[in-house]
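Participant: TSV, C-alpha atoms, saved as protein-v4.tsv, coming up:
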```tsv
chain	number	residue	atom	x	y	z
L	1	MET	CA	56.08	236.40	72.70
L	2	MET	CA	56.55	232.71	73.13
L	3	GLY	CA	54.54	232.06	69.97
L	4	SER	CA	56.70	234.39	67.88
L	5	LYS	CA	59.90	232.71	69.10
L	6	ALA	CA	58.53	229.33	68.24
L	7	ALA	CA	57.58	230.55	64.77
L	8	ILE	CA	61.06	231.99	64.21
L	9	LEU	CA	62.70	228.75	65.35
L	10	ALA	CA	60.48	226.67	63.10
L	11	THR	CA	61.24	228.92	60.17
L	12	ALA	CA	65.01	228.60	60.81
L	13	VAL	CA	64.81	224.81	61.02
L	14	LEU	CA	62.90	224.64	57.76
L	15	ALA	CA	65.41	226.95	56.08
L	16	VAL	CA	68.29	224.69	57.15
L	17	LEU	CA	66.50	221.57	55.96
L	18	PHE	CA	65.72	223.02	52.53
L	19	SER	CA	69.17	224.52	52.02
L	20	ALA	CA	71.13	221.31	52.91
L	21	PRO	CA	70.61	219.52	49.50
L	22	ALA	CA	71.64	222.66	47.65
L	23	LEU	CA	74.79	222.95	49.76
L	24	ALA	CA	75.51	219.25	49.23
L	25	GLN	CA	75.21	219.64	45.45
L	26	LYS	CA	77.58	222.63	45.45
L	27	SER	CA	80.21	220.96	47.65
L	28	SER	CA	80.29	217.57	45.80
L	29	PRO	CA	82.94	217.32	43.03
L	30	PRO	CA	81.79	217.13	39.39
L	31	ALA	CA	81.40	213.68	37.88
L	32	PRO	CA	84.38	212.64	35.73
L	33	ALA	CA	83.93	212.81	31.99
L	34	PRO	CA	83.58	209.42	30.28
L	35	VAL	CA	86.88	208.07	28.90
L	36	SER	CA	86.88	206.48	25.46
L	37	LEU	CA	89.22	203.43	25.38
L	38	SER	CA	90.91	202.92	22.01
L	39	PRO	CA	91.66	199.27	21.04
L	40	THR	CA	95.21	198.09	21.75
L	41	PRO	CA	97.11	197.63	18.46
L	42	ALA	CA	98.11	194.03	17.66
L	43	PRO	CA	101.84	193.29	17.99
L	44	ALA	CA	103.82	193.35	14.78
L	45	PRO	CA	104.47	189.87	13.34
L	46	ALA	CA	107.95	188.50	13.90
L	47	PRO	CA	110.18	188.78	10.81
L	48	HIS	CA	110.56	185.63	8.73
L	49	TYR	CA	114.11	184.27	8.59
L	50	VAL	CA	115.42	181.71	6.12
L	51	ASP	CA	116.78	178.62	7.87
L	52	LEU	CA	120.01	178.11	5.91
L	53	ALA	CA	120.75	174.64	7.27
L	54	GLU	CA	117.29	173.38	6.37
L	55	LEU	CA	117.41	175.00	2.94
L	56	LEU	CA	120.80	173.49	2.05
L	57	SER	CA	119.76	170.06	3.32
L	58	VAL	CA	116.82	169.83	0.90
L	59	ALA	CA	118.02	171.89	-2.07
L	60	GLY	CA	121.24	169.94	-2.66
L	61	PRO	CA	123.12	167.87	-3.20
L	62	PHE	CA	125.09	170.18	-0.89
L	63	HIS	CA	125.66	167.72	1.98
L	64	THR	CA	129.47	168.00	2.02
L	65	PHE	CA	129.45	171.80	2.17
L	66	LEU	CA	126.72	171.78	4.83
L	67	ASN	CA	128.65	169.27	6.95
L	68	TYR	CA	131.70	171.53	6.85
L	69	LEU	CA	129.57	174.57	7.77
L	70	GLU	CA	128.13	172.79	10.80
L	71	LYS	CA	131.48	171.28	11.82
L	72	THR	CA	133.15	174.71	11.95
L	73	ASN	CA	130.07	176.63	13.21
L	74	VAL	CA	130.32	178.88	10.16
L	75	ILE	CA	126.63	178.13	9.61
L	76	GLU	CA	125.91	180.27	12.69
L	77	THR	CA	127.93	183.15	11.23
L	78	PHE	CA	126.04	182.92	7.95
L	79	GLN	CA	122.67	182.60	9.73
L	80	GLY	CA	123.35	185.69	11.83
L	81	GLN	CA	124.16	187.64	8.68
L	82	ALA	CA	121.05	186.33	6.94
L	83	ASN	CA	118.89	187.56	9.79
L	84	ASN	CA	120.28	191.07	9.32
L	85	THR	CA	117.81	192.15	6.66
L	86	LYS	CA	119.60	195.46	6.10
L	87	VAL	CA	122.48	193.96	4.08
L	88	GLY	CA	121.83	190.23	3.76
L	89	ILE	CA	124.24	187.58	2.46
L	90	THR	CA	125.28	185.86	-0.79
L	91	ILE	CA	126.60	182.28	-0.58
L	92	PHE	CA	128.31	180.24	-3.32
L	93	VAL	CA	127.63	176.57	-2.59
L	94	PRO	CA	129.72	173.86	-4.34
L	95	LYS	CA	127.87	170.66	-5.14
L	96	ASP	CA	128.91	167.34	-3.63
L	97	SER	CA	130.45	166.36	-6.98
L	98	ALA	CA	132.75	169.39	-6.77
L	99	PHE	CA	134.27	168.10	-3.52
L	100	ALA	CA	134.40	164.52	-4.81
L	101	ALA	CA	136.46	165.68	-7.82
L	102	LEU	CA	139.36	166.61	-5.49
L	103	LYS	CA	141.52	164.32	-3.39
L	104	LYS	CA	140.27	163.90	0.17
L	105	SER	CA	143.65	165.07	1.47
L	106	THR	CA	142.94	168.48	-0.10
L	107	PHE	CA	140.66	169.35	2.83
L	108	SER	CA	141.79	166.92	5.52
L	109	ASN	CA	145.24	168.55	5.52
L	110	LEU	CA	143.76	171.97	6.37
L	111	THR	CA	143.73	173.18	9.96
L	112	SER	CA	140.39	174.04	11.55
L	113	ASP	CA	141.07	177.76	11.07
L	114	GLN	CA	142.03	177.25	7.43
L	115	LEU	CA	138.90	175.21	6.78
L	116	LYS	CA	136.81	177.94	8.38
L	117	THR	CA	138.50	180.55	6.20
L	118	LEU	CA	137.83	178.45	3.10
L	119	LEU	CA	134.11	178.32	3.92
L	120	LEU	CA	133.93	182.06	4.63
L	121	TYR	CA	135.65	182.56	1.27
L	122	HIS	CA	132.47	181.21	-0.36
L	123	ALA	CA	130.23	184.11	0.74
L	124	PHE	CA	129.76	187.85	0.36
L	125	PRO	CA	128.50	189.78	3.42
L	126	LYS	CA	125.78	191.36	1.28
L	127	PHE	CA	122.83	190.29	-0.83
L	128	TYR	CA	123.46	190.30	-4.60
L	129	SER	CA	121.00	189.29	-7.28
L	130	LEU	CA	122.21	187.82	-10.57
L	131	ALA	CA	121.49	191.11	-12.30
L	132	GLU	CA	123.72	192.96	-9.82
L	133	PHE	CA	126.69	190.71	-10.62
L	134	LYS	CA	127.05	192.41	-13.99
L	135	ASN	CA	127.73	195.76	-12.33
L	136	LEU	CA	129.72	194.13	-9.52
L	137	SER	CA	132.20	192.72	-12.05
L	138	SER	CA	133.42	196.24	-12.75
L	139	LEU	CA	134.44	196.57	-9.08
L	140	ASN	CA	136.76	193.53	-9.01
L	141	PRO	CA	138.19	192.20	-6.82
L	142	VAL	CA	135.26	191.75	-4.43
L	143	SER	CA	135.97	191.08	-0.74
L	144	THR	CA	134.49	187.92	0.74
L	145	PHE	CA	133.32	187.07	4.24
L	146	ALA	CA	136.87	185.92	4.99
L	147	GLY	CA	138.10	189.48	4.52
L	148	PRO	CA	141.19	190.73	2.65
L	149	PRO	CA	143.18	189.29	0.97
L	150	TYR	CA	140.54	186.61	0.29
L	151	ASN	CA	138.89	188.24	-2.71
L	152	LEU	CA	136.99	186.96	-5.73
L	153	ASN	CA	136.69	188.21	-9.30
L	154	LEU	CA	133.35	188.11	-11.08
L	155	THR	CA	133.07	188.08	-14.85
L	156	ASP	CA	130.05	188.27	-17.09
L	157	ASP	CA	130.53	186.28	-20.29
L	158	MET	CA	127.48	186.74	-22.52
L	159	GLY	CA	125.08	186.43	-19.61
L	160	SER	CA	126.95	183.65	-17.79
L	161	ILE	CA	128.48	184.66	-14.45
L	162	TYR	CA	131.87	183.16	-13.53
L	163	VAL	CA	133.37	183.27	-10.04
L	164	GLN	CA	137.15	183.22	-10.25
L	165	SER	CA	139.54	182.13	-7.52
L	166	MET	CA	143.22	181.30	-8.01
L	167	TRP	CA	142.82	177.63	-8.93
L	168	SER	CA	139.23	177.47	-10.18
L	169	ARG	CA	136.81	179.52	-12.24
L	170	PRO	CA	133.38	177.91	-11.95
L	171	LYS	CA	130.28	179.23	-13.63
L	172	ILE	CA	127.19	179.80	-11.52
L	173	ALA	CA	125.26	176.64	-12.35
L	174	SER	CA	121.91	177.70	-10.91
L	175	SER	CA	120.16	180.03	-8.50
L	176	VAL	CA	119.10	177.99	-5.48
L	177	TYR	CA	117.45	180.86	-3.58
L	178	ALA	CA	117.47	184.57	-4.36
L	179	THR	CA	115.00	186.50	-2.24
L	180	LYS	CA	116.33	189.40	-0.24
L	181	PRO	CA	118.12	189.18	2.15
L	182	VAL	CA	119.45	185.71	1.17
L	183	ALA	CA	121.00	184.66	-2.15
L	184	ILE	CA	122.41	181.14	-2.69
L	185	TYR	CA	124.05	180.07	-5.96
L	186	ALA	CA	125.26	176.57	-6.89
L	187	LEU	CA	128.78	175.96	-8.24
L	188	ASN	CA	130.27	172.93	-10.00
L	189	LYS	CA	133.72	173.56	-8.50
L	190	VAL	CA	135.17	174.51	-5.11
L	191	LEU	CA	136.68	178.00	-4.84
L	192	LEU	CA	140.40	177.59	-4.02
L	193	PRO	CA	142.37	180.68	-2.88
L	194	LEU	CA	146.13	180.99	-3.31
L	195	GLN	CA	146.54	181.83	0.37
L	196	LEU	CA	145.45	178.29	1.33
L	197	PHE	CA	146.69	176.32	-1.68
L	198	SER	CA	150.15	177.17	-3.00
L	199	LYS	CA	149.55	174.96	-6.04
L	200	ASP	CA	146.64	173.48	-7.90
L	201	PRO	CA	145.22	170.72	-5.67
L	202	PRO	CA	145.36	167.26	-7.26
L	203	LEU	CA	142.23	165.70	-8.63
L	204	ALA	CA	140.78	162.51	-7.25
L	205	PRO	CA	141.89	159.38	-9.15
L	206	ALA	CA	139.58	158.37	-11.92
L	207	PRO	CA	137.44	155.35	-11.06
L	208	ALA	CA	138.48	152.03	-12.62
L	209	PRO	CA	136.45	151.15	-15.72
L	210	ALA	CA	133.71	148.65	-15.08
L	211	PRO	CA	134.23	145.18	-16.64
L	212	GLU	CA	132.36	144.61	-19.85
L	213	SER	CA	129.36	142.42	-19.30
L	214	GLY	CA	128.42	139.69	-21.85
L	215	ALA	CA	131.70	139.89	-23.78
L	216	SER	CA	133.90	136.72	-23.90
L	217	ASP	CA	136.85	135.48	-25.87
L	218	ALA	CA	135.33	131.99	-26.05
L	219	PRO	CA	133.53	131.32	-29.31
L	220	SER	CA	129.82	131.18	-29.18
L	221	PRO	CA	128.05	127.85	-29.65
L	222	ALA	CA	126.88	128.98	-33.07
L	223	ALA	CA	130.41	129.89	-34.07
L	224	GLY	CA	131.65	126.52	-32.76
L	225	LYS	CA	129.01	124.71	-34.74
L	226	ALA	CA	129.92	126.66	-37.84
L	227	GLY	CA	133.57	125.80	-37.25
L	228	GLU	CA	132.71	122.16	-36.90
L	229	LEU	CA	130.72	122.27	-40.10
L	230	ALA	CA	133.50	124.09	-41.93
L	231	GLY	CA	136.10	121.69	-40.56
L	232	GLY	CA	134.08	118.66	-41.55
L	233	LYS	CA	133.66	119.96	-45.05
L	234	GLY	CA	137.38	120.64	-45.29
L	235	ASP	CA	138.23	117.12	-44.14
L	236	SER	CA	135.86	115.59	-46.68
L	237	THR	CA	137.40	117.62	-49.46
L	238	SER	CA	140.93	116.60	-48.41
L	239	ALA	CA	139.90	112.95	-48.29
L	240	ALA	CA	138.40	113.20	-51.74
L	241	HIS	CA	141.61	114.70	-53.13
L	242	SER	CA	143.68	111.97	-51.43
L	243	THR	CA	141.49	109.18	-52.87
L	244	GLY	CA	141.58	110.71	-56.33
L	245	GLY	CA	145.38	110.93	-56.20
L	246	ALA	CA	145.78	107.27	-55.19
L	247	VAL	CA	143.54	106.06	-58.03
L	248	GLY	CA	145.54	108.09	-60.53
L	249	VAL	CA	148.85	106.57	-59.40
L	250	ALA	CA	147.45	103.02	-59.57
L	251	SER	CA	146.16	103.60	-63.11
L	252	SER	CA	149.56	104.87	-64.22
L	253	LEU	CA	151.29	101.80	-62.79
L	254	LEU	CA	148.86	99.42	-64.56
L	255	LEU	CA	149.38	101.18	-67.89
L	256	ALA	CA	153.16	100.99	-67.47
L	257	ALA	CA	153.02	97.26	-66.68
L	258	ALA	CA	150.79	96.59	-69.68
L	259	GLY	CA	153.21	98.47	-71.89
L	260	CYS	CA	156.14	96.37	-70.67
L	261	LEU	CA	154.28	93.10	-71.36
L	262	MET	CA	153.47	94.17	-74.90
L	263	ILE	CA	157.14	95.00	-75.56
L	264	LEU	CA	158.22	91.60	-74.23
L	265	GLN	CA	155.72	89.78	-76.42
L	266	TRP	CA	156.84	91.70	-79.49
```
How does this structure look as structure tokens?
Facilitator:
Amino acid sequence: MMGSKAAILATAVLAVLFSAPALAQKSSPPAPAPVSLSPTPAPAPAPHYVDLAELLSVAGPFHTFLNYLEKTNVIETFQGQANNTKVGITIFVPKDSAFAALKKSTFSNLTSDQLKTLLLYHAFPKFYSLAEFKNLSSLNPVSTFAGPPYNLNLTDDMGSIYVQSMWSRPKIASSVYATKPVAIYALNKVLLPLQLFSKDPPLAPAPAPAPESGASDAPSPAAGKAGELAGGKGDSTSAAHSTGGAVGVASSLLLAAAGCLMILQW
């Protein structure tokens, strides 16, 4: 009896020992599936913006226009528009010679707001290539950055584009930069709207002519020498004529005296 109980107990213990790993395998959670990590995409490169101040400083001579842009902070307005690649900007930049052709009082008499308006008048709030100006001329007048009534008229004359304001009609001299979204065109004259200038601004006085170098009223040494030679020759000729005349008179007197003596002797 005792032997059978011991056998049953041993069998139960063995059954528990052998069944424990199986129970542990069933109760443990399944291992997670391996996760494939995709590479993180590289960040998109920052858009390239044209530095208008730097471009105008090296592409000139546009120093006068650039100084006015920086003085009035209009350069910041233009730069902000240039960075908006959806529409862009078109700027008409007068050369330094265009400002120098007008009296300094033309711009010094303007208020700060008027000067700012004049600079905004030199830009369109949209990018336009030279080819697009031909079609744009049919939509005249074209509104500028200064807004109505500060408009410009564009005309295409046998391939040459003219930008007309009230007191000036310059031709686009050259394309300084024309890659979307920025277009910059050089002008030989300043655009002058009627709203700021009630009459044609006076031109700067013409510079005094430079004195002629090397020219003199005094005769040259060669000319003086020639004069001396000519004068000497003239004096010699006069002396010769004077001597010849005196000899002739003396001969006449001697002949007359001889004639008188012969008559007396007769």
Participant: Just the number, please: distance in Å from CA of Leu130 in chain L to CA of Glu76 in chain L, one decimal.
Facilitator: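 Taking CA of Leu130 in chain L and CA of Glu76 in chain L, their separation equals 24.7 Å.
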Participant: Nearest to Tyr49 in chain L: which of L:Leu154, L:Val87, L:Ala82, L:Ala178 is it, counting all atoms listed in the file?
Facilitator: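 Of all the options, L:Ala82 lies closest to Tyr49 in chain L.
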Participant: Of the candidates L:Gly159, L:Gly60, L:Gly80, L:Pro125, which shows the shortest atom-to-atom distance to Ser97 in chain L, using only C-alpha atoms?
Facilitator: L:Gly60
Participant: Quick one: residues within 12 Å of (125.1, 188.0, 1.6) (file frame), counting only C-alpha atoms, please, as a VMD selection string.
Facilitator: chain L and resid 52 77 to 92 120 to 129 143 to 145 177 to 185
Participant: May I have the residues within 8 Å of range 103-107 of chain L as a PyMOL selection string, using only C-alpha atoms and disregarding those fewer than 3 positions away in the same chain?
Facilitator: chain L and resi 100+110+115+201-205
